[in-house]
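**Q** The structure file run_35.pdb (PDB, C-alpha atoms) is provided below.
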ATOM      1  CA  MET A   1       0.000   0.000   0.000
ATOM      2  CA  SER A   2       2.990   2.338   0.343
ATOM      3  CA  ILE A   3       3.208   3.220  -3.363
ATOM      4  CA  PRO A   4      -0.528   4.000  -3.797
ATOM      5  CA  TYR A   5      -0.250   6.180  -0.691
ATOM      6  CA  VAL A   6       2.806   8.062  -1.993
ATOM      7  CA  LEU A   7       1.075   8.648  -5.336
ATOM      8  CA  ALA A   8      -2.147   9.803  -3.647
ATOM      9  CA  VAL A   9      -0.274  12.310  -1.472
ATOM     10  CA  HIS A  10       1.606  13.636  -4.494
ATOM     11  CA  GLU A  11      -1.596  13.987  -6.509
ATOM     12  CA  ASP A  12      -3.213  15.922  -3.656
ATOM     13  CA  TYR A  13      -0.189  18.235  -3.501
ATOM     14  CA  LEU A  14      -0.363  18.887  -7.241
ATOM     15  CA  LYS A  15      -4.082  19.671  -7.014
ATOM     16  CA  THR A  16      -3.312  22.146  -4.221
ATOM     17  CA  CYS A  17      -0.719  23.815  -6.463
ATOM     18  CA  ILE A  18      -3.233  24.077  -9.296
ATOM     19  CA  ALA A  19      -5.855  25.488  -6.915
ATOM     20  CA  LEU A  20      -3.357  28.202  -5.947
ATOM     21  CA  LEU A  21      -2.803  29.012  -9.614
ATOM     22  CA  GLU A  22      -6.576  29.271 -10.051
ATOM     23  CA  ARG A  23      -6.789  31.549  -7.029
ATOM     24  CA  ALA A  24      -4.143  33.827  -8.541
ATOM     25  CA  GLY A  25      -5.955  33.896 -11.877
ATOM     26  CA  ALA A  26      -3.154  31.951 -13.562
ATOM     27  CA  SER A  27      -5.191  28.809 -14.268
ATOM     28  CA  THR A  28      -8.605  28.109 -15.736
ATOM     29  CA  ALA A  29     -11.382  27.802 -13.166
ATOM     30  CA  GLY A  30     -12.071  24.162 -12.406
ATOM     31  CA  SER A  31      -8.591  22.967 -13.365
ATOM     32  CA  ALA A  32      -7.853  21.626  -9.880
ATOM     33  CA  LYS A  33     -11.124  19.731  -9.719
ATOM     34  CA  GLY A  34     -10.353  17.917 -12.967
ATOM     35  CA  ALA A  35      -6.699  17.265 -12.155
ATOM     36  CA  LYS A  36      -5.477  13.707 -11.715
ATOM     37  CA  LEU A  37      -1.982  12.307 -11.405
ATOM     38  CA  PHE A  38      -1.811  11.541 -15.127
ATOM     39  CA  ASN A  39      -2.463  15.162 -16.190
ATOM     40  CA  ALA A  40      -1.652  17.419 -13.208
ATOM     41  CA  HIS A  41       2.002  17.981 -14.078
ATOM     42  CA  GLY A  42       0.984  19.038 -17.577
ATOM     43  CA  ILE A  43      -1.540  21.526 -16.193
ATOM     44  CA  ILE A  44       1.126  23.111 -13.992
ATOM     45  CA  GLU A  45       3.572  23.307 -16.896
ATOM     46  CA  ARG A  46       0.893  24.878 -19.103
ATOM     47  CA  ASP A  47      -0.077  27.495 -16.543
ATOM     48  CA  THR A  48       3.409  28.426 -15.312
ATOM     49  CA  GLY A  49       5.491  27.973 -18.440
ATOM     50  CA  GLY A  50       7.841  25.740 -16.431
ATOM     51  CA  THR A  51       9.121  22.273 -17.251
ATOM     52  CA  PHE A  52       9.381  19.258 -14.982
ATOM     53  CA  SER A  53      12.318  16.852 -15.037
ATOM     54  CA  GLN A  54      11.549  14.406 -17.826
ATOM     55  CA  VAL A  55      13.347  11.592 -16.001
ATOM     56  CA  SER A  56      11.206  12.064 -12.890
ATOM     57  CA  ILE A  57       8.033  12.437 -14.978
ATOM     58  CA  HIS A  58       8.792   9.186 -16.780
ATOM     59  CA  GLN A  59       9.519   7.457 -13.470
ATOM     60  CA  ILE A  60       6.317   8.619 -11.820
ATOM     61  CA  ASN A  61       4.245   7.639 -14.845
ATOM     62  CA  SER A  62       5.890   4.217 -14.866
ATOM     63  CA  ILE A  63       5.049   3.744 -11.193
ATOM     64  CA  ARG A  64       1.497   5.033 -11.776
ATOM     65  CA  LEU A  65       0.883   2.607 -14.626
ATOM     66  CA  MET A  66       2.430  -0.256 -12.641
ATOM     67  CA  ARG A  67       0.058   0.574  -9.801
ATOM     68  CA  ASN A  68      -2.862   0.578 -12.235
ATOM     69  CA  CYS A  69      -1.885  -2.927 -13.377
ATOM     70  CA  LEU A  70      -1.737  -4.037  -9.751
ATOM     71  CA  VAL A  71      -5.135  -2.572  -8.857
ATOM     72  CA  HIS A  72      -7.117  -3.092 -12.061
ATOM     73  CA  ALA A  73      -5.518  -6.036 -13.846
ATOM     74  CA  GLY A  74      -4.554  -8.523 -11.167
ATOM     75  CA  SER A  75      -0.925  -7.369 -11.260
ATOM     76  CA  ARG A  76      -0.608  -8.261 -14.967
ATOM     77  CA  VAL A  77       1.249  -5.906 -17.297
ATOM     78  CA  GLY A  78      -1.083  -4.240 -19.804
ATOM     79  CA  PRO A  79      -0.464  -2.589 -23.178
ATOM     80  CA  GLU A  80      -0.457   0.971 -21.806
ATOM     81  CA  LEU A  81       2.451   0.194 -19.490
ATOM     82  CA  VAL A  82       4.349  -1.642 -22.253
ATOM     83  CA  LYS A  83       3.904   1.337 -24.597
ATOM     84  CA  HIS A  84       5.078   3.762 -21.928
ATOM     85  CA  LEU A  85       8.150   1.719 -21.048
ATOM     86  CA  GLY A  86       9.040   1.672 -24.735
ATOM     87  CA  SER A  87       9.618   5.434 -24.546
ATOM     88  CA  SER A  88      12.409   5.048 -21.997
ATOM     89  CA  THR A  89      15.886   6.411 -22.708
ATOM     90  CA  PRO A  90      19.376   5.374 -21.548
ATOM     91  CA  GLN A  91      19.306   8.277 -19.063
ATOM     92  CA  ILE A  92      16.005   7.082 -17.585
ATOM     93  CA  GLU A  93      17.258   3.486 -17.482
ATOM     94  CA  THR A  94      20.414   4.553 -15.657
ATOM     95  CA  ALA A  95      18.371   6.517 -13.105
ATOM     96  CA  TRP A  96      16.193   3.474 -12.397
ATOM     97  CA  LEU A  97      19.183   1.210 -11.905
ATOM     98  CA  LYS A  98      20.977   3.725  -9.698
ATOM     99  CA  VAL A  99      18.020   4.252  -7.342
ATOM    100  CA  ALA A 100      16.023   1.019  -7.522
ATOM    101  CA  GLY A 101      18.680  -1.464  -8.562
ATOM    102  CA  ARG A 102      16.460  -2.714 -11.384
ATOM    103  CA  SER A 103      14.311  -1.289 -14.165
ATOM    104  CA  PRO A 104      10.742  -2.078 -15.290
ATOM    105  CA  SER A 105      11.890  -1.969 -18.922
ATOM    106  CA  ARG A 106      12.175  -5.761 -18.779
ATOM    107  CA  LEU A 107       8.397  -6.127 -18.345
ATOM    108  CA  GLN A 108       6.398  -7.645 -21.193
ATOM    109  CA  LEU A 109       2.676  -7.946 -21.829
ATOM    110  CA  GLY A 110       1.145 -10.376 -19.336
ATOM    111  CA  ASP A 111       4.102 -10.368 -16.942
ATOM    112  CA  THR A 112       3.459  -9.903 -13.244
ATOM    113  CA  VAL A 113       4.151  -6.454 -11.808
ATOM    114  CA  ASP A 114       6.388  -6.870  -8.786
ATOM    115  CA  PHE A 115       6.771  -4.012  -6.325
ATOM    116  CA  GLY A 116       9.705  -3.954  -3.957
ATOM    117  CA  PHE A 117      11.747  -1.532  -1.891
ATOM    118  CA  GLY A 118      13.408  -0.175  -5.036
ATOM    119  CA  GLU A 119      10.088   0.886  -6.554
ATOM    120  CA  VAL A 120       9.066   2.567  -3.293
ATOM    121  CA  THR A 121      12.383   4.430  -3.317
ATOM    122  CA  ILE A 122      11.824   5.547  -6.918
ATOM    123  CA  ALA A 123       8.317   6.767  -6.056
ATOM    124  CA  LEU A 124       9.629   8.796  -3.115
ATOM    125  CA  ALA A 125      12.587  10.184  -5.071
ATOM    126  CA  ALA A 126      10.541  11.166  -8.114
ATOM    127  CA  THR A 127       7.757  12.821  -6.118
ATOM    128  CA  LYS A 128      10.343  14.758  -4.083
ATOM    129  CA  VAL A 129      11.923  16.158  -7.264
ATOM    130  CA  LEU A 130       8.573  16.953  -8.892
ATOM    131  CA  ALA A 131       7.117  18.562  -5.767
ATOM    132  CA  ARG A 132      10.163  20.815  -5.423
ATOM    133  CA  GLU A 133       9.940  21.792  -9.088
ATOM    134  CA  ALA A 134       6.216  22.561  -8.767
ATOM    135  CA  ASN A 135       6.983  24.777  -5.773
ATOM    136  CA  GLU A 136       9.641  26.649  -7.739
ATOM    137  CA  MET A 137       7.222  27.194 -10.640
ATOM    138  CA  LEU A 138       4.610  28.601  -8.254
ATOM    139  CA  GLN A 139       7.151  30.943  -6.683
ATOM    140  CA  LEU A 140       7.571  32.628 -10.043
ATOM    141  CA  LYS A 141       3.934  32.558 -11.153
ATOM    142  CA  LEU A 142       1.790  33.482  -8.146
ATOM    143  CA  ASN A 143       1.311  37.208  -7.652
ATOM    144  CA  SER A 144       2.353  39.015  -4.468
ATOM    145  CA  GLU A 145      -1.260  39.454  -3.345
ATOM    146  CA  THR A 146      -1.816  35.704  -3.324
ATOM    147  CA  TRP A 147       1.453  35.037  -1.513
ATOM    148  CA  ALA A 148       0.673  37.705   1.090
ATOM    149  CA  ASP A 149      -2.785  36.238   1.691
ATOM    150  CA  LEU A 150      -1.229  32.787   2.097
ATOM    151  CA  LEU A 151       1.266  34.213   4.586
ATOM    152  CA  ILE A 152      -1.519  35.620   6.764
ATOM    153  CA  GLU A 153      -3.691  32.512   6.452
ATOM    154  CA  ASP A 154      -0.711  30.357   7.404
ATOM    155  CA  ALA A 155      -0.021  32.477  10.475
ATOM    156  CA  ALA A 156      -3.695  32.544  11.453
ATOM    157  CA  ALA A 157      -3.876  28.753  11.265
ATOM    158  CA  THR A 158      -0.758  28.177  13.353
ATOM    159  CA  VAL A 159      -0.496  31.095  15.820
ATOM    160  CA  PRO A 160      -3.757  33.079  15.448
ATOM    161  CA  GLN A 161      -2.911  35.533  18.247
ATOM    162  CA  ASN A 162      -0.008  36.850  16.158
ATOM    163  CA  VAL A 163      -2.382  38.012  13.423
ATOM    164  CA  ARG A 164      -4.543  39.950  15.886
ATOM    165  CA  SER A 165      -1.641  41.310  17.909
ATOM    166  CA  PRO A 166      -0.786  45.039  17.855
ATOM    167  CA  LEU A 167       2.612  43.835  16.660
ATOM    168  CA  ALA A 168       1.062  41.772  13.842
ATOM    169  CA  LEU A 169       2.847  43.625  11.050
ATOM    170  CA  SER A 170       6.264  43.105  12.655
ATOM    171  CA  LYS A 171       5.530  39.424  13.302
ATOM    172  CA  MET A 172       4.266  38.888   9.758
ATOM    173  CA  LYS A 173       7.294  40.631   8.288
ATOM    174  CA  GLY A 174       9.511  38.243  10.249
ATOM    175  CA  LYS A 175       7.532  35.230   9.074
ATOM    176  CA  ALA A 176       7.722  36.490   5.498
ATOM    177  CA  ARG A 177      11.526  36.744   5.711
ATOM    178  CA  PHE A 178      11.943  33.210   7.044
ATOM    179  CA  ASP A 179       9.111  31.206   5.471
ATOM    180  CA  TYR A 180       8.180  33.168   2.336
ATOM    181  CA  ALA A 181      11.483  34.697   1.288
ATOM    182  CA  PRO A 182      11.218  33.696  -2.416
ATOM    183  CA  ALA A 183       7.941  35.671  -2.651
ATOM    184  CA  ARG A 184       9.846  38.896  -1.802
ATOM    185  CA  LEU A 185       6.816  40.495  -0.210
ATOM    186  CA  ALA A 186       6.834  44.240   0.324
ATOM    187  CA  ASP A 187       5.539  45.708   3.584
ATOM    188  CA  THR A 188       2.548  47.101   1.715
ATOM    189  CA  ASP A 189       1.662  43.597   0.491
ATOM    190  CA  ILE A 190       1.576  42.373   4.081
ATOM    191  CA  VAL A 191      -0.376  45.387   5.345
ATOM    192  CA  ASP A 192      -3.027  44.912   2.652
ATOM    193  CA  ALA A 193      -3.251  41.169   3.301
ATOM    194  CA  LEU A 194      -3.684  41.759   7.042
ATOM    195  CA  ALA A 195      -6.489  44.187   6.300
ATOM    196  CA  ARG A 196      -8.205  41.697   3.983
ATOM    197  CA  TRP A 197      -7.920  38.912   6.549
ATOM    198  CA  ARG A 198      -9.251  41.060   9.399
ATOM    199  CA  ALA A 199     -12.151  42.257   7.236
ATOM    200  CA  SER A 200     -13.213  38.681   6.552
ATOM    201  CA  ASN A 201     -12.472  37.507  10.105
ATOM    202  CA  PRO A 202     -13.872  40.202  12.426
TER     203      PRO A 202
END
Before anything else, please render the file you have as structure tokens.
**A**
Amino acid sequence: MSIPYVLAVHEDYLKTCIALLERAGASTAGSAKGAKLFNAHGIIERDTGGTFSQVSIHQINSIRLMRNCLVHAGSRVGPELVKHLGSSTPQIETAWLKVAGRSPSRLQLGDTVDFGFGEVTIALAATKVLAREANEMLQLKLNSETWADLLIEDAAATVPQNVRSPLALSKMKGKARFDYAPARLADTDIVDALARWRASNP
């Protein structure tokens, strides 16, 4: 169950990223709702102009299709997985062998999909790379208003008294420096976000 869990967590993270892009007006309304693991990376690339690591994308799609065989086909390799594995490259093959110690490229139609520690390691490694890349794409694409609102919402959810404190601006500026540095929020962004939050949370 570890691989389905890793993939489910990653899919949820990607949907959260897409929802943030929607919120900032950088993605079509409803994109997050229709996002699944098979298309979510493409949506983020489309809306940010960024590009994910093709090795990690290939790895995660291999793991996803292997999981589908396990869940929907009694662990038997199907044509979709075979077709996907046929698009592998020497670089992708080397990455599999380095991390997992073996590669799924050996699988043929009707073979049994066998998950082991190596495949779990690949799933964790690939999702770590892709999640970091998605975060970097959002850093560049989300506007300062959205980031400032997220800063205040984050603070309100963790230490709510800091948002209502007379020293709220100073505390939020400190949090912005440490936790939201890539957003490069100006003081006016934080002041406006505090005002918006207080207006909606009297």
**Q** Just want the 8 Å neighbourhood of segment 71-84 of chain A, counted on only C-alpha atoms, with same-chain residues fewer than 5 positions away dropped. Output as a list of chain:residue names.
**A**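 Counting only the stated atoms, we get A:Ser62, A:Leu65, A:Met66, A:Leu107, A:Gln108, A:Leu109, A:Gly110, A:Asp111, A:Thr112, A:Val113, A:Asp114.
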**Q** Calculate how many Å separate atom CA of Ala131 of chain A from atom CA of Arg102 of chain A, rounding to one decimal.
**A**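 Going from atom CA of Ala131 of chain A over to atom CA of Arg102 of chain A covers 23.9 Å.
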**Q** Of the candidates A:Ala8, A:Ala26, A:Ala32, A:Leu70, which shows the shortest atom-to-atom distance to Leu138 of chain A, using all atoms listed in the file?
**A**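 Using all atoms listed in the file, Leu138 of chain A sits closest to A:Ala26.
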**Q** Do a neighbour search on Ser2 of chain A at 9 Å with only C-alpha atoms, toss out local chain neighbours closer than 4 positions, and write the hits as a PyMOL selection string.
**A** chain A and resi 6-7+120
**Q** Of the residues A:Asn143, A:Asn68, A:Ser170, A:Gln54, which is the one nearest to Ala95 of chain A, using all atoms listed in the file?
**A**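 Looking at the shortest contact to Ala95 of chain A, the residue is A:Gln54.
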**Q** Quick check, in Å to one decimal: how far apart do atom CA of His41 of chain A and atom CA of Cys17 of chain A lie?
**A**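 Atom CA of Cys17 of chain A lies at a distance of 10.0 Å from atom CA of His41 of chain A.
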**Q** Given the PyMOL selection byres ((chain A and resi 49-52) around 9) and the file above, list the residues it selects as a PyMOL selection string.
**A** chain A and resi 41-42+44-48+53-57+129-130+133-134+136-137+141
**Q** In Å to one decimal, how far is atom CA of Ala24 of chain A from atom CA of Leu167 of chain A?
**A**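 These two atoms are separated by 27.9 Å.
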**Q** Apply the PyMOL selection byres ((chain A and resi 187) around 10) to the structure shown and report the selected residues as a ChimeraX atom specification.
**A** /A:148,169-170,172-173,176,184-186,188-193
**Q** Take the residues that were just selected and, keeping C-alpha atoms, output them as a compact mmCIF listing (two decimals), keeping the file's coordinate frame.
**A**
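Result file out-v4.txt:
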# COMPACT_ATOMS: atom_id res chain seq x y z
CA ALA A 148 0.67 37.70 1.09
CA LEU A 169 2.85 43.62 11.05
CA SER A 170 6.26 43.10 12.66
CA MET A 172 4.27 38.89 9.76
CA LYS A 173 7.29 40.63 8.29
CA ALA A 176 7.72 36.49 5.50
CA ARG A 184 9.85 38.90 -1.80
CA LEU A 185 6.82 40.49 -0.21
CA ALA A 186 6.83 44.24 0.32
CA THR A 188 2.55 47.10 1.72
CA ASP A 189 1.66 43.60 0.49
CA ILE A 190 1.58 42.37 4.08
CA VAL A 191 -0.38 45.39 5.34
CA ASP A 192 -3.03 44.91 2.65
CA ALA A 193 -3.25 41.17 3.30
